[in-house]
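The next block holds one structure in the form of structure tokens; read it before the comments.
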Amino acid sequence: MALRIGIVGCGKIAGNHARALQQVPGVEVVGCCDPDVDRAREFASAHGIARAVGSVEELIALGLDACTVCTPHPVHEQVVVAAAEAGIHVLCEKPIAVDVAAADRMIAAADRAGITFGVLFQRRFWPAAQRIRAAIDDGRIGVPVLGEASVLLHRPSSYYSADEWRGRWDTDGGGVLMTQAVHQIDMLQWFMGEAVSVSGFIRTHTHGEHIETEDSASAVVSFASGGTATVTATTGANHNLGNRVTVIGQTGAIASVLEFPEGREGVNEIWTVPGEVEFRAPFIPDVRANLDVTEVNAGLADFHTLQVQDFADAVLTCRDPAVTGRDARASLAIVAAIYESSRTGRVVDLTPAQTFATTSAQETP
């Protein structure tokens with residue numbers, strides 16, 4: 001029998017979910033929902049989905065086995081908990097939530113219900129990213145001791161004005177860290193291991209007339225291994241120089257994964273593993289770099305498909321998905337700690353009890 005899946009939220013990224021699900025054998029997209037029922041109907045018509053409804057409850061009533069969640073970040077908890085309590089497996093867009101306490105409640109609800117709970121970080125499925133992870137695991141890079149996540153993006157003011165929820169603490173949960181850089185922070189901690197402390201700053205340099213959240217951030221993260229890493233992020237760059245994650249291991253080997261232009265599959269720009277030394281020219285001047293977010297999402301669609309396939313297989317075979325709710329909590333904890341550090345001016349220790357809210361970052365010293 002087909003795995004019956006519904007899509008919650010019919011905004012921009014939902015198109016990637018619909019296209020991905022329709023490419024997975026054994027999956028049937030039976031419905032979608034959005035508080036704006038007209039938008040849900042338009043989405044259903046565009047993607048050949050039979051039913052469009054206005055609420056999660058109505059969607060669940062269609063008899064789902066699983067759902068994907070494409071709502072604004074602060075709504076993730078409500079949807080995931082409702083689905084879990086109905087016994088429905090969930091694949092949720094990143095970030096998992098907007099504060100760590102909410103993420104913990106989501107994970108607990110999934111555990112109680114015994115459902116499969118995955119979170120979308122499709123860049124982990126790039127071959128270049130998996131190559132780095134494999135080289136860490138087999139010792140060619142060794143334990144990573146230094147790392148860097150660089151997120152130098154361009155977003156015009158129209159990006160924020162297109163959706164009322166963007167750039168607000170109560171509806172977006174944060175700015176560049178929460179919406180864009182969380183991908184690279186996820187990859188950084190996937191390579192570096194468990195984060196134990198964070199010191200950081202957030203600022204709004206470019207988009208202050210359009211947003212109340214940060215458009216720029218810098219941070220230093222320490223890891224349980226003894227390693228350290230820096231995070232630099234902005235949506236105020238022009239040109240858009242994309243994203244890069246770099247690690248240096250105890251062997252001295254350096255490996256990076258570069259995404260340029262944004263939305264293009266990441267490549268190993270630097271690879272100095274002994275006997276396998278490779279370099280690529282990082283930037284090509286005649287490339288159109290300042291892409292619309294719809295084009296960026298389209299460029300990532302194939303990797304959405306790979307993660308959706310992994311999730312469907314995890315449900316069918318009763319195994320963990322590639323990125324679990326607990327995995328996604330780790331990157332959110334780093335983002336939340338940067339906000340807290342910026343607010344208090346202190347180094348933030350990451351402990352299991354750490355549950356401060358990202359919205360407190362509005363009060364920066």
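As shown in the structure tokens, the chain order sets the letters A, B, ...; within each chain, residues go from 1, and ligands are also counted from 1 in the order they appear.
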
Test item, strand (DSSP E or B) assignment across segment 121-338 of chain A, answer as JSON, numbers by chain:
{"A": [144, 145, 146, 147, 148, 149, 150, 151, 152, 154, 195, 196, 197, 198, 199, 200, 201, 202, 203, 216, 217, 218, 219, 220, 221, 222, 223, 228, 229, 230, 231, 232, 233, 234, 236, 242, 243, 244, 245, 246, 247, 248, 249, 254, 255, 256, 257, 258, 259, 267, 270, 271, 278, 279, 324]}

Residues of segment 200-309 of chain A at most 8 Å from segment 11-30 of chain A: nearest atom pair and distance in Å, only C-alpha atoms, as a Markdown table:
| residue | atom | partner | partner_atom | distance |
| --- | --- | --- | --- | --- |
| A:Thr294 | CA | A:Lys12 | CA | 7.0 |
| A:Asn297 | CA | A:Ile13 | CA | 6.8 |
| A:Ala298 | CA | A:Asn16 | CA | 7.1 |
| A:Ala301 | CA | A:Asn16 | CA | 5.5 |
| A:Asp302 | CA | A:Ala20 | CA | 7.5 |
| A:His304 | CA | A:Ala20 | CA | 6.3 |
| A:Thr305 | CA | A:Ala20 | CA | 4.3 |
| A:Leu306 | CA | A:Ala20 | CA | 7.9 |
| A:Val308 | CA | A:Ala20 | CA | 6.6 |
| A:Gln309 | CA | A:Val24 | CA | 6.0 |

From the list A:Thr213, A:Gln307, A:Thr317, A:Asn243, which residue is nearest Met178 of chain A when using only C-alpha atoms?
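Distance minimum relative to Met178 of chain A lands on A:Thr213.
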
Between A:Gly226, A:Gly48, A:Gly200, A:Pro321, which residue has the minimum interatomic distance to Ala337 of chain A, considering only C-alpha atoms?
A:Gly200

Please report the interatomic distance between atom CA of Ala195 of chain A and atom CA of Asp215 of chain A in Å with one decimal.
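Result for atom CA of Ala195 of chain A versus atom CA of Asp215 of chain A: 23.4 Å, one decimal.
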
If we count only C-alpha atoms and set the cut-off at 7 Å, which residues sit around Ser150 of chain A, ignoring sequence neighbours fewer than 6 positions away in its own chain? Please answer as a PyMOL selection string.
chain A and resi 231-233+243-245

For the helix (DSSP H, G or I) assignment from backbone DSSP, which residues of segment 187-313 of chain A qualify? Please present them as a count of residues only.
26

Rank A:Ile141, A:Val119, A:Val8, A:Val182 by their smallest atom-to-atom distance to Ala322 of chain A, using only C-alpha atoms, and report the top residue only.
A:Val119

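Minimum atom-to-atom distance to His154 of chain A, evaluated using only C-alpha atoms, belongs to A:Leu241 out of A:Ile270, A:Ala134, A:Leu241, A:Ala219.
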
Tell me which of A:Val220, A:Arg166, A:Gly325, A:Arg124 sits closest to Ala102 of chain A, counting only C-alpha atoms.
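Counting only C-alpha atoms, the residue closest to Ala102 of chain A is A:Gly325.
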
Which one of A:Val267, A:Glu57, A:Gly114, A:Asp38 sits closest to Asp320 of chain A if you count only C-alpha atoms?
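Under the stated criterion, the closest residue is A:Gly114.
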
Contacts of segment 81-86 of chain A at 6 Å or less, counting only C-alpha atoms, minus same-chain residues fewer than 5 places along, as a PyMOL selection string?
chain A and resi 106+109-110+113

Skip Cys33 of chain A itself and residues of its chain fewer than 4 positions away, then list as a VMD selection string all residues within 12 Å of it, counting only C-alpha atoms.
chain A and resid 5 to 11 14 29 37 to 44 49 to 62 67 to 71 79

Could you name the residues that touch Trp271 of chain A at 12 Å or less, counting only C-alpha atoms, but leaving out those on the same chain fewer than 2 positions away, as a ChimeraX atom specification?
/A:128-129,131-132,135,140-141,246-249,252-258,267-269,273-280

I need the residues from that last selection saved to file as a tab-separated table (two decimals), in the first residue's frame (with N, CA and C atoms), if you can.
chain	number	residue	atom	x	y	z
A	128	ALA	N	29.59	16.21	-1.80
A	128	ALA	CA	30.76	16.90	-1.24
A	128	ALA	C	30.71	16.94	0.29
A	129	ALA	N	29.51	17.14	0.85
A	129	ALA	CA	29.37	17.15	2.31
A	129	ALA	C	29.57	15.75	2.88
A	131	ARG	N	31.30	13.44	1.56
A	131	ARG	CA	32.71	13.07	1.41
A	131	ARG	C	33.52	13.55	2.62
A	132	ILE	N	33.24	14.76	3.10
A	132	ILE	CA	33.93	15.27	4.29
A	132	ILE	C	33.59	14.41	5.51
A	135	ALA	N	35.48	11.23	5.41
A	135	ALA	CA	36.91	11.39	5.66
A	135	ALA	C	37.20	11.68	7.13
A	140	ARG	N	41.02	10.08	7.78
A	140	ARG	CA	41.87	10.80	6.84
A	140	ARG	C	41.98	12.28	7.20
A	141	ILE	N	40.91	12.85	7.72
A	141	ILE	CA	40.97	14.23	8.22
A	141	ILE	C	41.32	14.24	9.70
A	246	THR	N	34.12	24.96	6.30
A	246	THR	CA	35.49	24.45	6.22
A	246	THR	C	35.87	23.81	7.54
A	247	VAL	N	36.60	22.70	7.47
A	247	VAL	CA	37.14	22.06	8.67
A	247	VAL	C	38.61	21.74	8.46
A	248	ILE	N	39.37	21.83	9.55
A	248	ILE	CA	40.77	21.41	9.58
A	248	ILE	C	40.89	20.34	10.66
A	249	GLY	N	41.45	19.19	10.29
A	249	GLY	CA	41.54	18.09	11.23
A	249	GLY	C	42.89	17.98	11.90
A	252	GLY	N	45.98	17.74	9.94
A	252	GLY	CA	46.37	18.90	9.16
A	252	GLY	C	45.60	19.05	7.88
A	253	ALA	N	44.81	18.05	7.53
A	253	ALA	CA	44.02	18.10	6.31
A	253	ALA	C	42.94	19.17	6.42
A	254	ILE	N	42.72	19.86	5.31
A	254	ILE	CA	41.69	20.89	5.23
A	254	ILE	C	40.67	20.45	4.19
A	255	ALA	N	39.39	20.61	4.52
A	255	ALA	CA	38.33	20.28	3.57
A	255	ALA	C	37.22	21.31	3.67
A	256	SER	N	36.72	21.74	2.52
A	256	SER	CA	35.63	22.71	2.52
A	256	SER	C	34.54	22.25	1.56
A	257	VAL	N	33.34	22.76	1.80
A	257	VAL	CA	32.25	22.59	0.85
A	257	VAL	C	31.70	23.98	0.57
A	258	LEU	N	31.73	24.38	-0.69
A	258	LEU	CA	31.33	25.72	-1.12
A	258	LEU	C	30.07	25.63	-1.96
A	267	VAL	N	30.43	22.02	-3.61
A	267	VAL	CA	31.61	21.31	-4.12
A	267	VAL	C	32.74	21.42	-3.10
A	268	ASN	N	33.67	20.48	-3.16
A	268	ASN	CA	34.85	20.54	-2.30
A	268	ASN	C	35.86	21.49	-2.93
A	269	GLU	N	35.75	22.75	-2.55
A	269	GLU	CA	36.63	23.79	-3.09
A	269	GLU	C	38.08	23.57	-2.66
A	273	VAL	N	43.53	16.39	1.86
A	273	VAL	CA	43.79	15.07	2.42
A	273	VAL	C	45.03	14.50	1.72
A	274	PRO	N	46.03	14.00	2.47
A	274	PRO	CA	47.26	13.51	1.85
A	274	PRO	C	46.98	12.52	0.71
A	275	GLY	N	47.62	12.77	-0.41
A	275	GLY	CA	47.44	11.90	-1.57
A	275	GLY	C	46.22	12.21	-2.40
A	276	GLU	N	45.39	13.18	-1.96
A	276	GLU	CA	44.16	13.50	-2.68
A	276	GLU	C	43.98	15.01	-2.82
A	277	VAL	N	45.07	15.76	-2.93
A	277	VAL	CA	44.99	17.22	-2.87
A	277	VAL	C	44.29	17.76	-4.12
A	278	GLU	N	43.25	18.58	-3.86
A	278	GLU	CA	42.46	19.18	-4.94
A	278	GLU	C	42.09	20.60	-4.55
A	279	PHE	N	42.07	21.48	-5.55
A	279	PHE	CA	41.59	22.85	-5.34
A	279	PHE	C	40.69	23.23	-6.51
A	280	ARG	N	39.68	24.06	-6.21
A	280	ARG	CA	38.80	24.60	-7.26
A	280	ARG	C	38.77	26.11	-7.13

Report as a ChimeraX atom specification all protein, DNA and RNA residues lying within 12 Å of Lys94 of chain A, evaluated on only C-alpha atoms, omitting residues in the same chain fewer than 5 positions from it.
/A:13,68-77,103,118-123,172-173,177-186,304,323-325,327-332
